[in-house]
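One file, target.pdb, carrying PDB, C-alpha atoms and all ligand atoms:
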ATOM      1  CA  MET A  56       0.000   0.000   0.000
ATOM      2  CA  THR A  57       1.394   3.412  -0.978
ATOM      3  CA  ILE A  58       0.940   6.507   1.198
ATOM      4  CA  GLN A  59       1.108   9.785  -0.712
ATOM      5  CA  LEU A  60       0.585  13.476  -0.237
ATOM      6  CA  THR A  61      -1.348  15.900  -2.385
ATOM      7  CA  LYS A  62      -2.570  19.452  -2.049
ATOM      8  CA  GLY A  63      -6.000  20.867  -2.767
ATOM      9  CA  ASP A  64      -9.705  20.136  -2.608
ATOM     10  CA  ILE A  65     -10.618  16.578  -1.580
ATOM     11  CA  THR A  66     -13.957  16.746  -3.421
ATOM     12  CA  LYS A  67     -12.046  16.717  -6.729
ATOM     13  CA  ILE A  68      -9.961  13.586  -6.071
ATOM     14  CA  LYS A  69     -10.663  10.455  -8.130
ATOM     15  CA  VAL A  70     -10.432   7.615  -5.612
ATOM     16  CA  ASP A  71     -12.850   4.900  -4.489
ATOM     17  CA  ALA A  72     -13.536   6.686  -1.191
ATOM     18  CA  ILE A  73     -12.919  10.093   0.312
ATOM     19  CA  VAL A  74     -13.062  10.612   4.064
ATOM     20  CA  ASN A  75     -15.144  13.381   5.586
ATOM     21  CA  ALA A  76     -14.210  15.078   8.872
ATOM     22  CA  ALA A  77     -17.834  14.995  10.003
ATOM     23  CA  ASN A  78     -19.460  15.823  13.316
ATOM     24  CA  SER A  79     -21.387  13.325  15.424
ATOM     25  CA  SER A  80     -24.789  14.579  14.223
ATOM     26  CA  LEU A  81     -23.906  13.563  10.627
ATOM     27  CA  LEU A  82     -26.059  16.504   9.530
ATOM     28  CA  GLY A  83     -23.271  18.448   7.842
ATOM     29  CA  GLY A  84     -21.223  21.394   9.005
ATOM     30  CA  GLY A  85     -18.523  23.792   7.892
ATOM     31  CA  GLY A  86     -15.035  23.184   6.539
ATOM     32  CA  VAL A  87     -14.446  20.027   4.540
ATOM     33  CA  ASP A  88     -17.845  18.632   5.624
ATOM     34  CA  GLY A  89     -19.666  21.565   4.006
ATOM     35  CA  ALA A  90     -17.519  21.289   0.865
ATOM     36  CA  ILE A  91     -18.276  17.546   0.491
ATOM     37  CA  HIS A  92     -22.042  17.987   0.871
ATOM     38  CA  ARG A  93     -22.057  20.964  -1.516
ATOM     39  CA  ALA A  94     -20.102  19.124  -4.192
ATOM     40  CA  GLY A  95     -21.699  15.696  -3.656
ATOM     41  CA  GLY A  96     -25.333  16.759  -3.633
ATOM     42  CA  PRO A  97     -28.339  15.730  -1.503
ATOM     43  CA  LYS A  98     -27.993  11.916  -1.703
ATOM     44  CA  ILE A  99     -25.120  11.974   0.786
ATOM     45  CA  LEU A 100     -27.160  13.852   3.406
ATOM     46  CA  GLU A 101     -30.170  11.569   2.800
ATOM     47  CA  GLU A 102     -28.043   8.520   3.627
ATOM     48  CA  CYS A 103     -26.512  10.296   6.638
ATOM     49  CA  ILE A 104     -30.020  10.975   7.961
ATOM     50  CA  GLN A 105     -30.950   7.298   7.492
ATOM     51  CA  ILE A 106     -27.861   6.232   9.446
ATOM     52  CA  ARG A 107     -28.666   8.785  12.149
ATOM     53  CA  ASN A 108     -32.237   7.476  12.426
ATOM     54  CA  ARG A 109     -30.923   3.909  12.659
ATOM     55  CA  GLN A 110     -28.029   4.349  15.101
ATOM     56  CA  GLY A 111     -28.174   7.933  16.373
ATOM     57  CA  GLY A 112     -25.270   9.530  14.529
ATOM     58  CA  CYS A 113     -21.597   8.633  14.803
ATOM     59  CA  LYS A 114     -19.437   8.651  17.938
ATOM     60  CA  THR A 115     -16.040  10.337  18.074
ATOM     61  CA  GLY A 116     -13.400   8.014  16.609
ATOM     62  CA  GLU A 117     -15.950   5.926  14.699
ATOM     63  CA  ALA A 118     -16.892   5.948  11.008
ATOM     64  CA  VAL A 119     -19.877   5.355   8.717
ATOM     65  CA  ILE A 120     -20.124   5.059   4.931
ATOM     66  CA  THR A 121     -22.449   6.577   2.313
ATOM     67  CA  THR A 122     -22.576   6.978  -1.426
ATOM     68  CA  GLY A 123     -20.325   9.573  -3.035
ATOM     69  CA  GLY A 124     -23.350  11.127  -4.734
ATOM     70  CA  ASN A 125     -22.143  13.401  -7.537
ATOM     71  CA  LEU A 126     -18.497  13.226  -6.452
ATOM     72  CA  PRO A 127     -15.836  11.422  -8.503
ATOM     73  CA  ALA A 128     -15.431   9.123  -5.468
ATOM     74  CA  LYS A 129     -17.841   6.184  -5.159
ATOM     75  CA  TYR A 130     -18.090   6.449  -1.372
ATOM     76  CA  VAL A 131     -17.777   8.994   1.405
ATOM     77  CA  ILE A 132     -16.548   7.613   4.722
ATOM     78  CA  HIS A 133     -17.698   9.987   7.457
ATOM     79  CA  THR A 134     -15.566   9.894  10.567
ATOM     80  CA  VAL A 135     -15.697  12.093  13.640
ATOM     81  CA  GLY A 136     -12.385  13.379  14.931
ATOM     82  CA  PRO A 137     -12.014  14.678  18.488
ATOM     83  CA  VAL A 138     -12.379  18.318  19.470
ATOM     84  CA  TRP A 139      -9.051  19.445  20.997
ATOM     85  CA  HIS A 140      -9.530  20.189  24.711
ATOM     86  CA  GLY A 141      -5.840  20.485  25.630
ATOM     87  CA  GLY A 142      -4.815  16.828  25.264
ATOM     88  CA  ASP A 143      -6.166  15.229  28.448
ATOM     89  CA  LYS A 144      -9.431  13.982  26.973
ATOM     90  CA  ARG A 145      -8.040  11.003  24.982
ATOM     91  CA  GLU A 146      -7.791  13.230  21.917
ATOM     92  CA  GLU A 147      -4.730  11.420  20.497
ATOM     93  CA  GLU A 148      -6.268   7.953  20.848
ATOM     94  CA  LEU A 149      -9.571   9.157  19.394
ATOM     95  CA  LEU A 150      -7.847  10.719  16.380
ATOM     96  CA  HIS A 151      -5.918   7.485  15.797
ATOM     97  CA  ASN A 152      -9.223   5.570  15.991
ATOM     98  CA  ALA A 153     -10.839   7.893  13.433
ATOM     99  CA  TYR A 154      -8.129   6.994  10.883
ATOM    100  CA  THR A 155      -8.063   3.273  11.690
ATOM    101  CA  ASN A 156     -11.851   2.838  11.724
ATOM    102  CA  SER A 157     -12.096   4.658   8.379
ATOM    103  CA  LEU A 158      -9.527   2.271   6.884
ATOM    104  CA  ARG A 159     -11.379  -0.759   8.307
ATOM    105  CA  LEU A 160     -14.678   0.401   6.853
ATOM    106  CA  ALA A 161     -12.966   1.021   3.515
ATOM    107  CA  GLU A 162     -11.669  -2.557   3.463
ATOM    108  CA  GLU A 163     -15.113  -3.947   4.352
ATOM    109  CA  ASN A 164     -16.330  -2.240   1.185
ATOM    110  CA  ASN A 165     -13.442  -3.476  -0.999
ATOM    111  CA  VAL A 166     -12.049   0.015  -1.438
ATOM    112  CA  THR A 167      -8.644   0.101  -3.131
ATOM    113  CA  SER A 168      -7.916   3.866  -2.953
ATOM    114  CA  ILE A 169      -8.823   6.364  -0.239
ATOM    115  CA  ALA A 170      -8.163  10.047   0.456
ATOM    116  CA  PHE A 171      -8.067  11.656   3.917
ATOM    117  CA  PRO A 172      -8.377  15.323   4.849
ATOM    118  CA  ASN A 173      -6.457  16.548   7.907
ATOM    119  CA  ILE A 174      -9.096  15.424  10.414
ATOM    120  CA  SER A 175      -9.657  17.650  13.480
ATOM    121  CA  THR A 176      -7.086  20.281  12.438
ATOM    122  CA  GLY A 177      -9.653  22.907  11.359
ATOM    123  CA  ILE A 178     -12.596  23.951  13.490
ATOM    124  CA  TYR A 179     -11.797  21.190  16.038
ATOM    125  CA  GLY A 180      -8.423  22.790  16.821
ATOM    126  CA  PHE A 181      -6.117  19.733  17.083
ATOM    127  CA  PRO A 182      -2.432  20.826  16.864
ATOM    128  CA  LYS A 183      -1.409  20.168  13.266
ATOM    129  CA  GLN A 184       2.037  18.651  13.828
ATOM    130  CA  ARG A 185       0.792  16.111  16.375
ATOM    131  CA  ALA A 186      -2.286  15.333  14.245
ATOM    132  CA  ALA A 187      -0.091  14.626  11.210
ATOM    133  CA  GLU A 188       2.176  12.310  13.220
ATOM    134  CA  ILE A 189      -0.859  10.363  14.447
ATOM    135  CA  ALA A 190      -2.363  10.201  10.933
ATOM    136  CA  VAL A 191       0.855   8.885   9.372
ATOM    137  CA  LYS A 192       1.358   6.341  12.167
ATOM    138  CA  ALA A 193      -2.251   5.071  12.028
ATOM    139  CA  VAL A 194      -2.096   4.579   8.250
ATOM    140  CA  SER A 195       1.441   3.106   8.281
ATOM    141  CA  ASP A 196       0.529   0.597  11.016
ATOM    142  CA  PHE A 197      -2.666  -0.529   9.264
ATOM    143  CA  LYS A 198      -2.534  -4.074   7.866
ATOM    144  CA  ALA A 199      -4.111  -3.548   4.463
ATOM    145  CA  SER A 200      -5.528  -6.185   2.137
ATOM    146  CA  THR A 201      -7.811  -4.499  -0.436
ATOM    147  CA  LEU A 202      -6.344  -1.010   0.011
ATOM    148  CA  LYS A 203      -3.531  -0.133  -2.394
ATOM    149  CA  GLN A 204      -3.367   3.679  -2.264
ATOM    150  CA  VAL A 205      -3.837   6.154   0.569
ATOM    151  CA  PHE A 206      -3.666   9.908  -0.037
ATOM    152  CA  PHE A 207      -3.409  12.697   2.501
ATOM    153  CA  VAL A 208      -5.078  15.706   0.902
ATOM    154  CA  CYS A 209      -3.896  18.947   2.496
ATOM    155  CA  PHE A 210      -5.938  22.073   1.911
ATOM    156  CA  ASP A 211      -3.554  24.474   3.618
ATOM    157  CA  ASP A 212       0.196  25.012   3.115
ATOM    158  CA  GLU A 213       0.978  24.508   6.791
ATOM    159  CA  ASN A 214      -0.403  20.955   6.842
ATOM    160  CA  TYR A 215       1.155  20.174   3.465
ATOM    161  CA  ASN A 216       4.607  21.189   4.675
ATOM    162  CA  ILE A 217       4.233  19.203   7.905
ATOM    163  CA  TYR A 218       3.407  15.989   5.997
ATOM    164  CA  LYS A 219       6.282  16.637   3.598
ATOM    165  CA  LEU A 220       8.719  16.999   6.479
ATOM    166  CA  LEU A 221       7.369  13.724   7.921
ATOM    167  CA  GLY A 222       8.573  12.109   4.688
ATOM    168  CA  VAL A 223       5.269  11.412   2.936
ATOM    169  CA  GLU A 224       5.873  11.274  -0.828
ATOM    170  CA  ALA A 225       4.277  14.230  -2.663
ATOM    171  CA  VAL A 226       2.547  13.459  -5.977
TER     172      VAL A 226
HETATM  173  P1  LIG A 301     -12.578  19.510  11.875
HETATM  174  O1  LIG A 301     -13.887  19.967  12.433
HETATM  175  O2  LIG A 301     -12.387  18.003  11.961
HETATM  176  O3  LIG A 301     -11.416  20.285  12.401
HETATM  177  P2  LIG A 301     -12.519  21.026   9.367
HETATM  178  O4  LIG A 301     -13.326  20.754   8.140
HETATM  179  O5  LIG A 301     -12.748  22.298  10.080
HETATM  180  O6  LIG A 301     -12.738  19.743  10.306
HETATM  181  O7  LIG A 301     -10.984  20.941   9.019
HETATM  182  C1  LIG A 301     -10.301  19.744   8.745
HETATM  183  C2  LIG A 301      -9.269  20.022   7.669
HETATM  184  O8  LIG A 301      -9.915  20.036   6.389
HETATM  185  C3  LIG A 301      -8.563  21.360   7.796
HETATM  186  O9  LIG A 301      -7.157  21.143   7.687
HETATM  187  C4  LIG A 301      -9.083  22.171   6.619
HETATM  188  O10 LIG A 301      -8.095  23.044   6.104
HETATM  189  C5  LIG A 301      -9.368  21.084   5.618
HETATM  190  N1  LIG A 301     -10.304  21.376   4.518
HETATM  191  C6  LIG A 301     -11.280  22.316   4.437
HETATM  192  N2  LIG A 301     -11.894  22.247   3.227
HETATM  193  C7  LIG A 301     -11.310  21.241   2.530
HETATM  194  C8  LIG A 301     -11.462  20.681   1.223
HETATM  195  N3  LIG A 301     -12.391  21.112   0.366
HETATM  196  N4  LIG A 301     -10.636  19.636   0.853
HETATM  197  C9  LIG A 301      -9.706  19.163   1.708
HETATM  198  N5  LIG A 301      -9.511  19.659   2.953
HETATM  199  C10 LIG A 301     -10.288  20.683   3.356
END
structure tokens encoding of this file:
Amino acid sequence: MTIQLTKGDITKIKVDAIVNAANSSLLGGGGVDGAIHRAGGPKILEECIQIRNRQGGCKTGEAVITTGGNLPAKYVIHTVGPVWHGGDKREEELLHNAYTNSLRLAEENNVTSIAFPNISTGIYGFPKQRAAEIAVKAVSDFKASTLKQVFFVCFDDENYNIYKLLGVEAV
């Protein structure tokens, strides 16, 4: 499995699945969540509402899957990263879980390529350097079978440069 770095808008990436940094309501929000629902159209929110009615949303560190709607990606995997509260509220473990549970759900759906945004580093305020280290470790440690390609899609220069310095290959 390759792990690569790219810059830009995750809604434009042609992969089997893109990951959304959702919130536990699954009802949409700002940042990358808003961008994914805007670009993907109403089918994604319809499926999120069905999941919410069935299981009451998505807990922090867990993940659910919907159609990609009008996106180039076939699926959206919605995961909920932790809100940063200073580091004493299991934030690191919960962020690691968000990556690992997204990868597991991808494999259950025979996904071969997946793209991650920088979960929790926007509105949720997780320190970017530490978040990148956790993201790279979670993906590197994952024992993949169907997955062949993982992309980190950085929207801002600061995150992009952090991943580059961590040695992730830019494409
Ligand atoms: P969170 O609430 O998990 O912090 P945000 O959406 O606020 O989620 O931010 C997560 C990351 O997604 C941030 O690094 C932000 O720059 C990035 N981001 C925002 N829009 C996009 C987009 N269209 N494609 C990829 N990343 C994006």
### Task
Step by step, measure atom-to-atom distances between ligand LIG 301 (chain A) and each residue using only C-alpha atoms and all ligand atoms, keep those at most 10 Å, then write them as a PyMOL selection string.
chain A and resi 61-68+73-78+84-91+93-94+134-139+150+170-181+183+207-215
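Here atom CA of Leu149 of chain A is placed at a distance of 13.7 Å from atom CA of Ala187 of chain A.
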### Distance in Å - atom CA of Ser168 of chain A versus atom CA of Val70 of chain A
5.2 Å
### Task
Give as a list in words the residues that the PyMOL selection byres (((chain A and resi 199) around 9) and not hetatm) matches when applied to the coordinates above.
Met56, Leu158, Arg159, Glu162, Phe197, Lys198, Ser200, Thr201, Leu202 and Lys203 of chain A
### Query
atom CA of Val223 of chain A to atom CA of Tyr154 of chain A: how many Å, to one decimal?
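Atom CA of Val223 of chain A sits 16.2 Å away from atom CA of Tyr154 of chain A.
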